[in-house]
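The next block holds one structure in the form of structure tokens; read it before the comments.
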There are 2 protein chains.
Amino acid sequence: MTYGLGLFLEDGIVLTADTRTNAGVDHVATVEKVSVFQNPGERVMILASAGNLATTQAVVTLLRQRLLQPENPTNLNSAQTMFDAVTMVGSVLREVMNKDAQHVQGYGDASGSFLFAGQIAGGKHRLFLIYPAGNFIEASYDTPYLQIGETKYGKPILDRAMNHYAGVAEAVKLTLISFDATVRSNLSVAPPYDMVVYRKDTIGPVQVRRIADTDPYLQSVRDGYGNAIRDAVRGLPLADWPEIG
Amino acid sequence: MTYGLGLFLEDGIVLTADTRTNAGVDHVATVEKVSVFQNPGERVMILASAGNLATTQAVVTLLRQRLLQPENPTNLNSAQTMFDAVTMVGSVLREVMNKDAQHVQGYGDASGSFLFAGQIAGGKHRLFLIYPAGNFIEASYDTPYLQIGETKYGKPILDRAMNHYAGVAEAVKLTLISFDATVRSNLSVAPPYDMVVYRKDTIGPVQVRRIADTDPYLQSVRDGYGNAIRDAVRGLPLADWPEIG
């Protein structure tokens, strides 16, 4: 399993995925699930994946190979807009599924999904979620975050505290809290996390920050939040119902 | 959808379910999903259900009818132990599934699951989760809560703050926080909630408390917790990474 989270902010985008992959509990490994495609000053694109690792790695590898093929219709460097770019990613996902899915049937689920974000000079910064079918939706002011993979445990904190006008640093903090909630409830999601912070209109360069379990900032957020939650619960009144006695 | 939660405490049991049922978003209603079978002083049993409403209502109705049939092997009044009683509930679930499941196939999922708790004089208070297959697991010191239905959103707060030695009033508070997290993230779970608080060794009588959206205690917990969370997030330090700028 994976947890992937993209926050769409007025000032930029924070895109994060964990690095745990497993095919059963006895085959657990760490893999990169966040990839960057960039030509600083002109375009920067960030892709995070969840689902079947063979499928998502094939999609990423094909996209990377095709950066060097000027005539290829799914060359991300030739995309005029982020909409064109996300359409290309969806197409390549369909291509891989058409080739592999029927052979994988019976062994497991070949499907994958992606978060895709970035900015092309002259356009706005945008964030998309690409479904296993290759179609996609876009984040907006009203829907300022998108998730893939193991999405539920990390959602309540976002519903309470996230909005499109949160600052970038605040969004980093919320991301780590959301991941910590997920990790506590699902063994198949785990640090390190790979995170890209993109500030709008910089058009890169960005880099993937790997956040280990021992990262001091992760630890301070995790411990501080855990203590605050326990204090918050303790501070709330008790019911005085007769059946409680 | 439903959310059902049972907390297994040193001092008793708190069992809760919401009352929302839906067959598509245009057919939403309020139904009782918590039933009590009791003979105070001798036995008290509480059943909460999730899943296909036709299936779970049939199970509850059969169990209730059979209380009046002394020879019936699934008469809960004749159970010598809570283990025997939960086995009976599982058997009746299998009976209903054997009769209905094949006819429901194609329309949807006929399956259901239950939380079942209580105490029979001479035995201990116990809490079980009955799977759609009719088999079951039991709560313990190490696994002090069990959930059915839409379980994920409400789990992080339990993993952080719940333990077997929490007081009964504390458990009521945690239950409401866990339900509130679920309701915020899934429209198909909603108040009112039906809750039974059982204190060990009282052997009843218990009653189902209906907690409306307007319940003053629910409101104080919900508002107080929401504010505390936002304060907690705000109080945590910000990262000073260069890419945040």
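Labels used: A, B, ... for chains in the order of the structure tokens, numbers from 1 for residues in each chain, and numbers from 1 for ligands as shown.
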How close does each residue of chain A get to chain B, giving the shortest atom pair and distance in Å to one decimal for every residue with an atom at most 8 Å away, counting only C-alpha atoms, sorted by chain and residue number, as JSON lines?
{"residue": "A:Lys152", "atom": "CA", "partner": "B:Tyr153", "partner_atom": "CA", "distance": 5.6}
{"residue": "A:Tyr153", "atom": "CA", "partner": "B:Tyr153", "partner_atom": "CA", "distance": 5.2}
{"residue": "A:Gly154", "atom": "CA", "partner": "B:Tyr153", "partner_atom": "CA", "distance": 7.8}
{"residue": "A:Lys155", "atom": "CA", "partner": "B:Ser185", "partner_atom": "CA", "distance": 7.0}
{"residue": "A:Pro156", "atom": "CA", "partner": "B:Ala181", "partner_atom": "CA", "distance": 5.7}
{"residue": "A:Asp159", "atom": "CA", "partner": "B:Ser185", "partner_atom": "CA", "distance": 7.1}
{"residue": "A:Arg160", "atom": "CA", "partner": "B:Gly226", "partner_atom": "CA", "distance": 7.1}
{"residue": "A:Ala161", "atom": "CA", "partner": "B:Arg230", "partner_atom": "CA", "distance": 6.2}
{"residue": "A:Val168", "atom": "CA", "partner": "B:Ile244", "partner_atom": "CA", "distance": 6.4}
{"residue": "A:Ala169", "atom": "CA", "partner": "B:Leu238", "partner_atom": "CA", "distance": 5.8}
{"residue": "A:Glu170", "atom": "CA", "partner": "B:Leu238", "partner_atom": "CA", "distance": 6.7}
{"residue": "A:Val172", "atom": "CA", "partner": "B:Ala239", "partner_atom": "CA", "distance": 7.6}
{"residue": "A:Lys173", "atom": "CA", "partner": "B:Leu238", "partner_atom": "CA", "distance": 6.7}
{"residue": "A:Leu174", "atom": "CA", "partner": "B:Val233", "partner_atom": "CA", "distance": 7.6}
{"residue": "A:Ala181", "atom": "CA", "partner": "B:Pro156", "partner_atom": "CA", "distance": 5.7}
{"residue": "A:Thr182", "atom": "CA", "partner": "B:Pro156", "partner_atom": "CA", "distance": 7.6}
{"residue": "A:Arg184", "atom": "CA", "partner": "B:Asp159", "partner_atom": "CA", "distance": 7.1}
{"residue": "A:Ser185", "atom": "CA", "partner": "B:Pro156", "partner_atom": "CA", "distance": 6.3}
{"residue": "A:Val197", "atom": "CA", "partner": "B:Glu243", "partner_atom": "CA", "distance": 6.4}
{"residue": "A:Tyr198", "atom": "CA", "partner": "B:Glu243", "partner_atom": "CA", "distance": 7.6}
{"residue": "A:Arg199", "atom": "CA", "partner": "B:Ile244", "partner_atom": "CA", "distance": 7.5}
{"residue": "A:Val206", "atom": "CA", "partner": "B:Glu243", "partner_atom": "CA", "distance": 7.9}
{"residue": "A:Tyr217", "atom": "CA", "partner": "B:Ala239", "partner_atom": "CA", "distance": 6.5}
{"residue": "A:Ser220", "atom": "CA", "partner": "B:Pro237", "partner_atom": "CA", "distance": 7.8}
{"residue": "A:Val221", "atom": "CA", "partner": "B:Leu236", "partner_atom": "CA", "distance": 6.3}
{"residue": "A:Gly224", "atom": "CA", "partner": "B:Leu236", "partner_atom": "CA", "distance": 6.6}
{"residue": "A:Tyr225", "atom": "CA", "partner": "B:Ala232", "partner_atom": "CA", "distance": 6.5}
{"residue": "A:Gly226", "atom": "CA", "partner": "B:Arg160", "partner_atom": "CA", "distance": 7.1}
{"residue": "A:Ala228", "atom": "CA", "partner": "B:Ala232", "partner_atom": "CA", "distance": 5.7}
{"residue": "A:Ile229", "atom": "CA", "partner": "B:Ile229", "partner_atom": "CA", "distance": 6.9}
{"residue": "A:Arg230", "atom": "CA", "partner": "B:Ala161", "partner_atom": "CA", "distance": 6.1}
{"residue": "A:Ala232", "atom": "CA", "partner": "B:Ala228", "partner_atom": "CA", "distance": 5.7}
{"residue": "A:Val233", "atom": "CA", "partner": "B:Tyr225", "partner_atom": "CA", "distance": 7.0}
{"residue": "A:Leu236", "atom": "CA", "partner": "B:Val221", "partner_atom": "CA", "distance": 6.4}
{"residue": "A:Pro237", "atom": "CA", "partner": "B:Val221", "partner_atom": "CA", "distance": 7.3}
{"residue": "A:Leu238", "atom": "CA", "partner": "B:Ala169", "partner_atom": "CA", "distance": 5.8}
{"residue": "A:Ala239", "atom": "CA", "partner": "B:Ala169", "partner_atom": "CA", "distance": 6.3}
{"residue": "A:Glu243", "atom": "CA", "partner": "B:Val197", "partner_atom": "CA", "distance": 6.4}
{"residue": "A:Ile244", "atom": "CA", "partner": "B:Ala169", "partner_atom": "CA", "distance": 6.1}
Would you write out those residues with C-alpha atoms, as a PDB file, in the first residue's frame?
ATOM      1  CA  LYS A 152      -8.953   7.371   4.855  1.00  0.00           C
ATOM      2  CA  TYR A 153      -6.879   7.485   8.036  1.00  0.00           C
ATOM      3  CA  GLY A 154      -5.171  10.704   7.013  1.00  0.00           C
ATOM      4  CA  LYS A 155      -8.347  12.488   5.900  1.00  0.00           C
ATOM      5  CA  PRO A 156      -9.951  13.675   9.179  1.00  0.00           C
ATOM      6  CA  ASP A 159     -11.034  18.027   6.773  1.00  0.00           C
ATOM      7  CA  ARG A 160     -10.560  19.861  10.049  1.00  0.00           C
ATOM      8  CA  ALA A 161      -7.512  22.009   9.413  1.00  0.00           C
ATOM      9  CA  VAL A 168       3.265  26.411   2.463  1.00  0.00           C
ATOM     10  CA  ALA A 169       4.972  25.714   5.801  1.00  0.00           C
ATOM     11  CA  GLU A 170       1.589  25.084   7.430  1.00  0.00           C
ATOM     12  CA  VAL A 172       4.048  20.756   5.222  1.00  0.00           C
ATOM     13  CA  LYS A 173       3.077  20.425   8.869  1.00  0.00           C
ATOM     14  CA  LEU A 174      -0.443  19.172   8.050  1.00  0.00           C
ATOM     15  CA  ALA A 181      -2.218   9.179  11.389  1.00  0.00           C
ATOM     16  CA  THR A 182      -2.007   6.781   8.444  1.00  0.00           C
ATOM     17  CA  ARG A 184      -0.232   4.482  13.053  1.00  0.00           C
ATOM     18  CA  SER A 185      -3.283   2.714  11.614  1.00  0.00           C
ATOM     19  CA  VAL A 197       7.472  21.570  -2.028  1.00  0.00           C
ATOM     20  CA  TYR A 198       6.760  23.736  -5.048  1.00  0.00           C
ATOM     21  CA  ARG A 199       6.248  27.498  -4.737  1.00  0.00           C
ATOM     22  CA  VAL A 206      12.540  21.470  -7.210  1.00  0.00           C
ATOM     23  CA  TYR A 217      11.101  18.090  12.311  1.00  0.00           C
ATOM     24  CA  SER A 220       8.745  17.308  16.733  1.00  0.00           C
ATOM     25  CA  VAL A 221       5.455  17.407  14.797  1.00  0.00           C
ATOM     26  CA  GLY A 224       3.889  17.554  19.714  1.00  0.00           C
ATOM     27  CA  TYR A 225       0.689  16.589  17.955  1.00  0.00           C
ATOM     28  CA  GLY A 226       0.296  13.311  19.846  1.00  0.00           C
ATOM     29  CA  ALA A 228      -1.664  17.876  22.142  1.00  0.00           C
ATOM     30  CA  ILE A 229      -4.351  15.347  21.136  1.00  0.00           C
ATOM     31  CA  ARG A 230      -4.119  13.510  24.424  1.00  0.00           C
ATOM     32  CA  ALA A 232      -7.221  17.926  24.207  1.00  0.00           C
ATOM     33  CA  VAL A 233      -9.168  14.747  24.952  1.00  0.00           C
ATOM     34  CA  LEU A 236     -12.940  17.941  27.411  1.00  0.00           C
ATOM     35  CA  PRO A 237     -15.800  17.567  29.903  1.00  0.00           C
ATOM     36  CA  LEU A 238     -17.196  14.166  30.897  1.00  0.00           C
ATOM     37  CA  ALA A 239     -20.849  13.278  30.368  1.00  0.00           C
ATOM     38  CA  GLU A 243     -25.816   5.130  33.184  1.00  0.00           C
ATOM     39  CA  ILE A 244     -22.167   6.162  33.465  1.00  0.00           C
TER      40      ILE A 244
END
Identify, with DSSP run on backbone atoms, the residues in segment 53-189 of chain B assigned to alpha helix (DSSP H), and express the list as a compact mmCIF listing (two decimals) with C-alpha atoms, in the first residue's frame.
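Written file, out10.txt:
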# COMPACT_ATOMS: atom_id res chain seq x y z
CA LEU B 53 -30.21 -3.86 6.25
CA ALA B 54 -32.51 -6.66 5.06
CA THR B 55 -29.96 -9.21 6.28
CA THR B 56 -29.22 -7.60 9.63
CA GLN B 57 -32.88 -6.87 10.40
CA ALA B 58 -33.75 -10.50 9.61
CA VAL B 59 -31.04 -11.69 12.00
CA VAL B 60 -32.28 -9.42 14.79
CA THR B 61 -35.91 -10.38 14.22
CA LEU B 62 -35.16 -14.12 14.20
CA LEU B 63 -33.12 -13.78 17.40
CA ARG B 64 -35.98 -11.89 19.03
CA GLN B 65 -38.66 -14.37 17.92
CA ARG B 66 -36.64 -17.28 19.18
CA MET B 82 -21.39 -15.26 25.99
CA PHE B 83 -19.35 -17.54 23.72
CA ASP B 84 -22.42 -19.73 23.18
CA ALA B 85 -24.51 -16.62 22.57
CA VAL B 86 -22.19 -15.12 19.96
CA THR B 87 -22.03 -18.51 18.24
CA MET B 88 -25.84 -18.41 17.99
CA VAL B 89 -25.77 -14.95 16.39
CA GLY B 90 -23.21 -16.19 13.87
CA SER B 91 -25.41 -19.21 13.11
CA VAL B 92 -28.46 -17.08 12.48
CA LEU B 93 -26.44 -14.80 10.21
CA ARG B 94 -25.36 -17.89 8.21
CA GLU B 95 -28.97 -19.07 8.06
CA VAL B 96 -30.14 -15.73 6.63
CA MET B 97 -27.27 -15.58 4.16
CA ASN B 98 -27.96 -19.14 3.00
CA LYS B 99 -31.56 -18.19 2.33
CA ASP B 100 -31.06 -14.74 0.76
CA ALA B 101 -27.54 -14.14 -0.55
CA GLN B 102 -27.98 -15.91 -3.89
CA HIS B 103 -31.15 -13.93 -4.61
CA VAL B 104 -29.52 -10.61 -3.75
CA LYS B 155 -9.57 4.81 14.02
CA PRO B 156 -6.67 7.30 14.41
CA ILE B 157 -8.10 8.92 17.56
CA LEU B 158 -8.63 5.48 19.12
CA ASP B 159 -5.09 4.41 18.29
CA ARG B 160 -3.81 7.53 20.00
CA ALA B 161 -6.01 7.84 23.05
CA VAL B 168 -16.41 4.58 31.17
CA ALA B 169 -17.03 8.34 30.89
CA GLU B 170 -13.71 8.78 29.08
CA ALA B 171 -14.76 6.01 26.67
CA VAL B 172 -18.05 7.78 25.94
CA LYS B 173 -16.07 10.92 25.10
CA LEU B 174 -13.65 9.05 22.80
CA THR B 175 -16.57 7.36 21.08
CA LEU B 176 -18.15 10.70 20.21
CA ILE B 177 -14.83 12.04 18.88
CA SER B 178 -14.34 8.92 16.76
CA PHE B 179 -17.88 9.24 15.35
CA ASP B 180 -17.42 12.92 14.64
CA ALA B 181 -14.27 12.22 12.61
CA THR B 182 -16.22 9.64 10.58
CA VAL B 183 -19.21 11.88 10.00
CA ARG B 184 -16.99 14.70 8.74
CA SER B 185 -15.37 12.45 6.16
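One distance worth recording is that between atom CA of Gln119 of chain B and atom CA of Asn72 of chain B, which is 20.8 Å.
Picture a line from atom CA of Asp142 of chain B to atom CA of Tyr165 of chain B; it runs 10.7 Å.
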What lies within 9 Å of Gly51 of chain A using only C-alpha atoms, ignoring chain neighbours under 3 positions off, as a PyMOL selection string?
chain A and resi 1-2+54-56+109-114+132+148-149
